[in-house]
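Novice: My file is my_file_39.cif. It has mmCIF, C-alpha atoms and all ligand atoms:
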data_work
#
loop_
_atom_site.group_PDB
_atom_site.id
_atom_site.type_symbol
_atom_site.label_atom_id
_atom_site.label_comp_id
_atom_site.auth_asym_id
_atom_site.auth_seq_id
_atom_site.Cartn_x
_atom_site.Cartn_y
_atom_site.Cartn_z
ATOM 1 C CA MET A 1 -43.974 -29.379 70.335
ATOM 2 C CA GLY A 2 -40.845 -27.794 68.919
ATOM 3 C CA GLY A 3 -41.757 -26.153 65.643
ATOM 4 C CA THR A 4 -43.631 -23.187 64.321
ATOM 5 C CA GLY A 5 -46.828 -24.426 65.905
ATOM 6 C CA THR A 6 -49.112 -24.507 62.881
ATOM 7 C CA ASN A 7 -50.377 -27.948 63.879
ATOM 8 C CA LEU A 8 -50.965 -26.800 67.436
ATOM 9 C CA ARG A 9 -53.031 -23.943 66.008
ATOM 10 C CA ALA A 10 -55.043 -26.350 63.838
ATOM 11 C CA ILE A 11 -55.644 -28.605 66.850
ATOM 12 C CA LEU A 12 -56.760 -25.719 69.059
ATOM 13 C CA GLU A 13 -58.930 -24.165 66.346
ATOM 14 C CA SER A 14 -60.667 -27.527 65.928
ATOM 15 C CA GLY A 15 -61.744 -27.218 69.556
ATOM 16 C CA PHE A 16 -59.695 -30.172 70.766
ATOM 17 C CA PRO A 17 -58.903 -29.740 74.469
ATOM 18 C CA VAL A 18 -55.168 -29.267 75.042
ATOM 19 C CA GLU A 19 -54.117 -29.092 78.674
ATOM 20 C CA LEU A 20 -50.391 -28.403 78.391
ATOM 21 C CA VAL A 21 -47.893 -27.480 75.669
ATOM 22 C CA VAL A 22 -44.325 -28.633 76.229
ATOM 23 C CA SER A 23 -41.562 -27.328 73.988
ATOM 24 C CA HIS A 24 -37.901 -28.264 73.899
ATOM 25 C CA ARG A 25 -37.068 -24.840 72.485
ATOM 26 C CA ALA A 26 -37.652 -21.366 73.829
ATOM 27 C CA GLY A 27 -39.064 -18.603 71.652
ATOM 28 C CA VAL A 28 -40.926 -20.820 69.192
ATOM 29 C CA GLY A 29 -44.279 -20.069 67.589
ATOM 30 C CA ALA A 30 -46.039 -22.921 69.393
ATOM 31 C CA LEU A 31 -45.496 -21.167 72.715
ATOM 32 C CA ASP A 32 -47.047 -17.931 71.424
ATOM 33 C CA ILE A 33 -50.022 -19.818 70.043
ATOM 34 C CA ALA A 34 -50.500 -21.652 73.347
ATOM 35 C CA ALA A 35 -50.416 -18.301 75.150
ATOM 36 C CA GLN A 36 -53.038 -16.868 72.768
ATOM 37 C CA PHE A 37 -55.303 -19.783 73.638
ATOM 38 C CA GLN A 38 -54.409 -19.530 77.342
ATOM 39 C CA ILE A 39 -52.922 -23.009 77.478
ATOM 40 C CA PRO A 40 -50.196 -23.559 80.107
ATOM 41 C CA THR A 41 -46.703 -24.026 78.650
ATOM 42 C CA ARG A 42 -43.482 -25.596 79.833
ATOM 43 C CA ILE A 43 -40.028 -25.519 78.236
ATOM 44 C CA VAL A 44 -37.585 -28.372 78.797
ATOM 45 C CA LEU A 45 -34.207 -27.507 77.288
ATOM 46 C CA LYS A 46 -31.568 -30.011 76.260
ATOM 47 C CA ARG A 47 -28.992 -27.566 77.591
ATOM 48 C CA ASP A 48 -30.434 -28.006 81.096
ATOM 49 C CA PHE A 49 -30.869 -31.769 80.752
ATOM 50 C CA PRO A 50 -28.115 -33.018 78.400
ATOM 51 C CA GLU A 51 -28.638 -36.693 79.312
ATOM 52 C CA ARG A 52 -31.628 -38.250 77.581
ATOM 53 C CA GLU A 53 -32.761 -39.948 80.798
ATOM 54 C CA ALA A 54 -32.660 -36.701 82.767
ATOM 55 C CA PHE A 55 -34.450 -34.817 79.973
ATOM 56 C CA ASP A 56 -37.207 -37.416 79.851
ATOM 57 C CA ALA A 57 -37.495 -37.590 83.631
ATOM 58 C CA GLU A 58 -38.136 -33.843 83.645
ATOM 59 C CA LEU A 59 -40.629 -34.249 80.808
ATOM 60 C CA ARG A 60 -42.484 -36.958 82.742
ATOM 61 C CA ARG A 61 -42.413 -34.795 85.857
ATOM 62 C CA GLN A 62 -44.063 -31.942 83.966
ATOM 63 C CA LEU A 63 -46.666 -34.257 82.488
ATOM 64 C CA ALA A 64 -47.418 -35.784 85.903
ATOM 65 C CA GLU A 65 -47.747 -32.360 87.487
ATOM 66 C CA HIS A 66 -50.524 -31.581 85.005
ATOM 67 C CA ALA A 67 -52.041 -35.086 85.189
ATOM 68 C CA ILE A 68 -51.443 -35.586 81.454
ATOM 69 C CA GLU A 69 -52.365 -39.040 80.192
ATOM 70 C CA ARG A 70 -51.958 -38.623 76.438
ATOM 71 C CA VAL A 71 -49.319 -36.856 74.383
ATOM 72 C CA ALA A 72 -49.427 -35.570 70.792
ATOM 73 C CA MET A 73 -46.070 -34.737 69.248
ATOM 74 C CA ALA A 74 -45.610 -32.282 66.393
ATOM 75 C CA GLY A 75 -42.108 -31.186 65.552
ATOM 76 C CA PHE A 76 -40.789 -32.473 68.878
ATOM 77 C CA LEU A 77 -37.254 -33.363 67.885
ATOM 78 C CA ARG A 78 -36.131 -35.416 70.862
ATOM 79 C CA TRP A 79 -36.121 -39.173 71.008
ATOM 80 C CA LEU A 80 -38.072 -40.424 73.979
ATOM 81 C CA THR A 81 -36.470 -43.002 76.251
ATOM 82 C CA PRO A 82 -37.901 -46.506 76.755
ATOM 83 C CA ALA A 83 -39.084 -45.506 80.244
ATOM 84 C CA THR A 84 -41.302 -42.783 78.777
ATOM 85 C CA ILE A 85 -42.534 -44.931 75.907
ATOM 86 C CA GLN A 86 -43.457 -47.718 78.330
ATOM 87 C CA GLN A 87 -45.199 -45.422 80.764
ATOM 88 C CA PHE A 88 -47.279 -43.898 77.956
ATOM 89 C CA GLU A 89 -47.695 -46.995 75.815
ATOM 90 C CA GLY A 90 -50.442 -46.433 73.271
ATOM 91 C CA ALA A 91 -50.850 -42.881 74.522
ATOM 92 C CA ILE A 92 -48.250 -40.966 72.490
ATOM 93 C CA VAL A 93 -48.850 -40.157 68.853
ATOM 94 C CA ASN A 94 -46.569 -38.359 66.436
ATOM 95 C CA LEU A 95 -47.201 -36.538 63.194
ATOM 96 C CA HIS A 96 -44.786 -37.127 60.321
ATOM 97 C CA PRO A 97 -44.744 -35.409 56.913
ATOM 98 C CA SER A 98 -44.422 -38.462 54.659
ATOM 99 C CA LEU A 99 -46.186 -41.716 53.941
ATOM 100 C CA LEU A 100 -44.334 -43.885 56.433
ATOM 101 C CA PRO A 101 -42.384 -46.118 56.256
ATOM 102 C CA ALA A 102 -41.028 -43.964 53.407
ATOM 103 C CA PHE A 103 -38.801 -41.057 54.419
ATOM 104 C CA PRO A 104 -38.600 -41.410 58.211
ATOM 105 C CA GLY A 105 -36.460 -38.921 60.118
ATOM 106 C CA LEU A 106 -35.612 -35.295 59.458
ATOM 107 C CA HIS A 107 -36.279 -33.311 56.268
ATOM 108 C CA ALA A 108 -38.855 -35.807 55.008
ATOM 109 C CA ILE A 109 -40.588 -33.274 52.757
ATOM 110 C CA GLU A 110 -37.359 -32.136 51.106
ATOM 111 C CA ARG A 111 -36.117 -35.693 50.653
ATOM 112 C CA ALA A 112 -39.381 -36.827 49.060
ATOM 113 C CA TYR A 113 -39.315 -33.800 46.745
ATOM 114 C CA GLU A 114 -35.718 -34.407 45.733
ATOM 115 C CA ALA A 115 -36.377 -38.096 45.180
ATOM 116 C CA GLY A 116 -38.959 -37.071 42.587
ATOM 117 C CA VAL A 117 -41.811 -39.154 44.034
ATOM 118 C CA LEU A 118 -45.243 -38.503 42.505
ATOM 119 C CA TRP A 119 -46.973 -39.078 45.829
ATOM 120 C CA SER A 120 -45.962 -38.449 49.392
ATOM 121 C CA GLY A 121 -48.257 -37.578 52.271
ATOM 122 C CA VAL A 122 -48.625 -37.376 56.003
ATOM 123 C CA SER A 123 -48.808 -40.024 58.702
ATOM 124 C CA VAL A 124 -49.891 -40.200 62.311
ATOM 125 C CA HIS A 125 -48.428 -43.090 64.266
ATOM 126 C CA PHE A 126 -48.178 -44.377 67.798
ATOM 127 C CA VAL A 127 -44.681 -43.741 69.101
ATOM 128 C CA ASP A 128 -42.367 -46.644 69.804
ATOM 129 C CA GLU A 129 -38.644 -46.724 70.482
ATOM 130 C CA GLY A 130 -37.588 -46.357 66.844
ATOM 131 C CA GLN A 131 -37.426 -43.251 64.697
ATOM 132 C CA ASP A 132 -40.884 -42.823 63.122
ATOM 133 C CA THR A 133 -41.374 -46.595 63.191
ATOM 134 C CA GLY A 134 -44.436 -46.984 65.410
ATOM 135 C CA PRO A 135 -47.739 -48.422 64.175
ATOM 136 C CA VAL A 136 -49.477 -46.072 61.735
ATOM 137 C CA VAL A 137 -52.957 -44.859 62.754
ATOM 138 C CA ALA A 138 -53.869 -42.682 59.789
ATOM 139 C CA GLN A 139 -52.406 -41.389 56.536
ATOM 140 C CA ILE A 140 -53.272 -38.995 53.738
ATOM 141 C CA PRO A 141 -51.534 -39.186 50.377
ATOM 142 C CA VAL A 142 -50.446 -35.876 48.880
ATOM 143 C CA PRO A 143 -49.459 -35.511 45.216
ATOM 144 C CA ARG A 144 -46.265 -33.862 44.041
ATOM 145 C CA LEU A 145 -47.388 -32.119 40.879
ATOM 146 C CA PRO A 146 -44.930 -31.796 37.990
ATOM 147 C CA GLN A 147 -44.776 -28.009 38.216
ATOM 148 C CA ASP A 148 -44.523 -27.932 42.029
ATOM 149 C CA SER A 149 -41.790 -25.894 43.653
ATOM 150 C CA LEU A 150 -40.571 -27.294 46.946
ATOM 151 C CA ASP A 151 -42.552 -24.570 48.721
ATOM 152 C CA GLU A 152 -45.778 -25.470 46.942
ATOM 153 C CA PHE A 153 -45.284 -29.132 47.756
ATOM 154 C CA ARG A 154 -44.482 -28.300 51.397
ATOM 155 C CA THR A 155 -47.586 -26.125 51.702
ATOM 156 C CA ARG A 156 -49.791 -28.948 50.389
ATOM 157 C CA ILE A 157 -48.224 -31.390 52.875
ATOM 158 C CA HIS A 158 -48.789 -29.032 55.798
ATOM 159 C CA ALA A 159 -52.405 -28.435 54.755
ATOM 160 C CA ALA A 160 -52.934 -32.209 54.868
ATOM 161 C CA GLU A 161 -51.370 -32.333 58.347
ATOM 162 C CA HIS A 162 -53.695 -29.623 59.604
ATOM 163 C CA ARG A 163 -56.693 -31.544 58.269
ATOM 164 C CA LEU A 164 -55.665 -34.969 59.553
ATOM 165 C CA TYR A 165 -54.105 -34.449 62.968
ATOM 166 C CA PRO A 166 -57.040 -32.863 64.847
ATOM 167 C CA ARG A 167 -59.372 -35.584 63.583
ATOM 168 C CA VAL A 168 -56.981 -38.363 64.586
ATOM 169 C CA LEU A 169 -56.495 -36.874 68.039
ATOM 170 C CA ARG A 170 -60.279 -36.895 68.528
ATOM 171 C CA ALA A 171 -60.349 -40.534 67.465
ATOM 172 C CA VAL A 172 -57.545 -41.573 69.822
ATOM 173 C CA ASP A 173 -58.958 -39.516 72.669
ATOM 174 C CA GLY A 174 -62.456 -40.871 72.126
ATOM 175 C CA GLY A 175 -61.296 -44.485 71.951
ATOM 176 C CA GLU A 176 -62.267 -44.923 68.284
ATOM 177 C CA THR A 177 -58.818 -46.397 67.827
ATOM 178 C CA ALA A 178 -56.187 -47.792 70.169
ATOM 179 C CA LEU A 179 -52.978 -49.744 70.303
ATOM 180 C CA TYR A 180 -53.627 -53.332 71.306
ATOM 181 C CA ASN A 181 -50.793 -55.870 71.517
ATOM 182 C CA GLY A 182 -48.680 -53.642 69.304
ATOM 183 C CA GLN A 183 -51.373 -53.372 66.608
ATOM 184 C CA VAL A 184 -53.693 -50.500 65.806
ATOM 185 C CA VAL A 185 -57.328 -51.486 66.238
ATOM 186 C CA TYR A 186 -60.332 -49.453 65.086
ATOM 187 C CA HIS A 187 -63.429 -49.735 67.228
ATOM 188 C CA THR A 188 -65.917 -48.206 64.852
ATOM 189 C CA LYS A 189 -67.934 -50.806 62.994
ATOM 190 C CA GLU A 190 -68.149 -48.825 59.786
ATOM 191 C CA ASP A 191 -65.045 -47.889 57.862
ATOM 192 C CA ALA A 192 -63.135 -45.324 59.893
ATOM 193 C CA ALA A 193 -62.971 -42.880 56.986
ATOM 194 C CA TRP A 194 -60.942 -40.392 59.020
ATOM 195 C CA MET A 195 -57.963 -42.733 58.953
ATOM 196 C CA HIS A 196 -57.684 -41.960 55.243
ATOM 197 C CA GLY A 197 -58.427 -38.280 55.823
ATOM 198 C CA ARG A 198 -61.916 -38.585 54.358
ATOM 199 C CA SER A 199 -63.927 -37.081 57.187
HETATM 200 C C1 LIG A 201 -44.695 -30.955 60.967
HETATM 201 O O1 LIG A 201 -44.411 -30.940 59.605
HETATM 202 C C2 LIG A 201 -44.605 -32.353 61.514
HETATM 203 O O2 LIG A 201 -44.988 -33.318 60.583
HETATM 204 C C3 LIG A 201 -43.135 -32.474 61.823
HETATM 205 O O3 LIG A 201 -42.791 -31.212 62.344
HETATM 206 C C4 LIG A 201 -43.609 -30.222 61.756
HETATM 207 C C5 LIG A 201 -44.154 -29.330 62.836
HETATM 208 O O4 LIG A 201 -44.742 -28.200 62.255
HETATM 209 N N1 LIG A 201 -42.906 -33.583 62.715
HETATM 210 P P1 LIG A 201 -45.537 -27.147 63.137
HETATM 211 O O5 LIG A 201 -44.616 -26.719 64.260
HETATM 212 O O6 LIG A 201 -46.765 -27.790 63.661
HETATM 213 O O7 LIG A 201 -45.841 -26.017 62.208
#
Here is the file; what I need is its structure written in the form of structure tokens.
Ligand code: GRF
Specialist:
Amino acid sequence: MGGTGTNLRAILESGFPVELVVSHRAGVGALDIAAQFQIPTRIVLKRDFPEREAFDAELRRQLAEHAIERVAMAGFLRWLTPATIQQFEGAIVNLHPSLLPAFPGLHAIERAYEAGVLWSGVSVHFVDEGQDTGPVVAQIPVPRLPQDSLDEFRTRIHAAEHRLYPRVLRAVDGGETALYNGQVVYHTKEDAAWMHGRS
């Protein structure tokens, strides 16, 4: 986690068990929220590990030390190396504030707003080696209303994130969905309504 931590808060308030919070920045809100919920935290700074391989090796070391098997990213702005992706294949998900594959990368909310789209949304995807390119697990569309300021639009997007991410983490953790041969499979017989944010 690297951001203000609002998604971490939503995840923790949903009761989802988080065992470790790793940030690549010191002094961020996510670390305070983790402390409030008495979750262990670790900080891995780029300054201390300027090479991507060394940064990721430290990340993997921290995860191993806490016996972490699954990783949920939210605002973690470091590209993971192939070694990490392979070790955690199908076990790392990321949250992105657009309807992928539209607007991958940074400033997705602002770019969607400026592009004048009528709909954007939020996506959760398994992480692969590209930038926000991994197989999508769940999405919610979010309208951009004609009178919306950027702030109003952003607030609606974040509210959708807070609704979707905890539910998707439960589904991944509980084996309702998984990555199989590079494809997302859903194990529930009935329509997995949560993947469209409907439960
Ligand atoms: C979210 O908008 C997420 O989609 C993006 O980074 C932001 C993190 O926000 N990848 P927060 O730190 O959870 O408030």
Novice: Distance limit 7 Å, reference ligand LIG 201 (chain A), atoms considered: all atoms listed in the file. Which residues make the cut? Give them as a VMD selection string.
Specialist: chain A and resid 1 to 8 30 74 to 76 95 to 97 158 161
Novice: On this structure, the PyMOL selection byres (((chain A and resi 124) around 12) and not hetatm) would catch which residues? List them as a PyMOL selection string, sorted by chain and number.
Specialist: chain A and resi 72-74+92-101+121-123+125-127+132-140+160-169+171-172+184+194-197
Novice: Excluding Glu89 (chain A) and its own-chain neighbours fewer than 4 positions away, which residues fall within 12 Å of it when counting only C-alpha atoms? Please give them as a list in words.
Specialist: Glu69, Arg70, Val71, Leu80, Thr81, Pro82, Ala83, Thr84, Ile85, Val93, Phe126, Val127, Asp128, Glu129, Gly134, Pro135, Ala178, Leu179, Tyr180, Asn181, Gly182 and Gln183 of chain A
Novice: Where does the PyMOL selection byres (((chain A and resi 110-120) around 8) and not hetatm) land in this file, that is, which residues does it pick, as an NGL selection string?
Specialist: :A and (98-99 or 103 or 107-109 or 121-122 or 141-145 or 150 or 153)
Novice: Would you mind exporting the chosen residues as a tab-separated table (two decimals), keeping the file's coordinate frame, restricted to C-alpha atoms?
Specialist:
chain	number	residue	atom	x	y	z
A	98	SER	CA	-44.42	-38.46	54.66
A	99	LEU	CA	-46.19	-41.72	53.94
A	103	PHE	CA	-38.80	-41.06	54.42
A	107	HIS	CA	-36.28	-33.31	56.27
A	108	ALA	CA	-38.85	-35.81	55.01
A	109	ILE	CA	-40.59	-33.27	52.76
A	121	GLY	CA	-48.26	-37.58	52.27
A	122	VAL	CA	-48.62	-37.38	56.00
A	141	PRO	CA	-51.53	-39.19	50.38
A	142	VAL	CA	-50.45	-35.88	48.88
A	143	PRO	CA	-49.46	-35.51	45.22
A	144	ARG	CA	-46.26	-33.86	44.04
A	145	LEU	CA	-47.39	-32.12	40.88
A	150	LEU	CA	-40.57	-27.29	46.95
A	153	PHE	CA	-45.28	-29.13	47.76
Novice: Between CA of Gly29 (chain A) and CA of Glu58 (chain A), what is the spacing in Å?
Specialist: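 Value for the CA of Glu58 (chain A)-CA of Gly29 (chain A) distance: 22.0 Å.
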Novice: Compile the contact shell of Gln62 (chain A) as an MDAnalysis selection string: residues with an atom at most 10 Å away, counting all atoms listed in the file, same-chain residues fewer than 2 positions apart removed.
Specialist: chainID A and resid 20 22 41:44 56:60 64:68
Novice: Would you give the centre and edge lengths, in Å to one decimal, of a box along x, y and z around the listed atoms of region 33-48 of chain A, with 5 Å added to each side, as JSON?
Specialist:
{"center_x": -42.1, "center_y": -23.4, "center_z": 75.6, "size_x": 36.3, "size_y": 23.1, "size_z": 21.1}
Novice: Choose the residue, out of A:Ala10, A:Arg156, A:Trp79, A:His187, that has the smallest atom-to-atom separation from Ala34 (chain A); count all atoms listed in the file.
Specialist: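 For Ala34 (chain A), the nearest of the given residues is A:Ala10.
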Novice: Compare A:Ala192, A:Phe88, A:Leu12, A:Gly27 by their minimum atom-to-atom distance to Leu45 (chain A), counting all atoms listed in the file, and give me the closest one.
Specialist: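 Nearest to Leu45 (chain A): A:Gly27.
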Novice: Can you measure CA of Glu53 (chain A) to CA of Ala26 (chain A) for me? One decimal in Å is fine.
Specialist: 20.4 Å
Novice: Need the shell around Arg47 (chain A): protein/DNA/RNA residues with any atom at most 10 Å away, counting only C-alpha atoms. Skip same-chain ones fewer than 4 positions apart. Format as a PyMOL selection string?
Specialist: chain A and resi 24-25+51+55
Novice: Using Å and a single decimal, report how far CA of Val28 (chain A) sits from CA of Ile157 (chain A).
Specialist: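 Here the two named atoms are 20.8 Å from each other.
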Novice: When distances are computed from only C-alpha atoms, which of A:Val18, A:Leu77, A:Gly175, A:Leu63 shows the smallest separation from Lys46 (chain A)?
Specialist: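 Among the listed residues, the smallest separation from Lys46 (chain A) belongs to A:Leu77.
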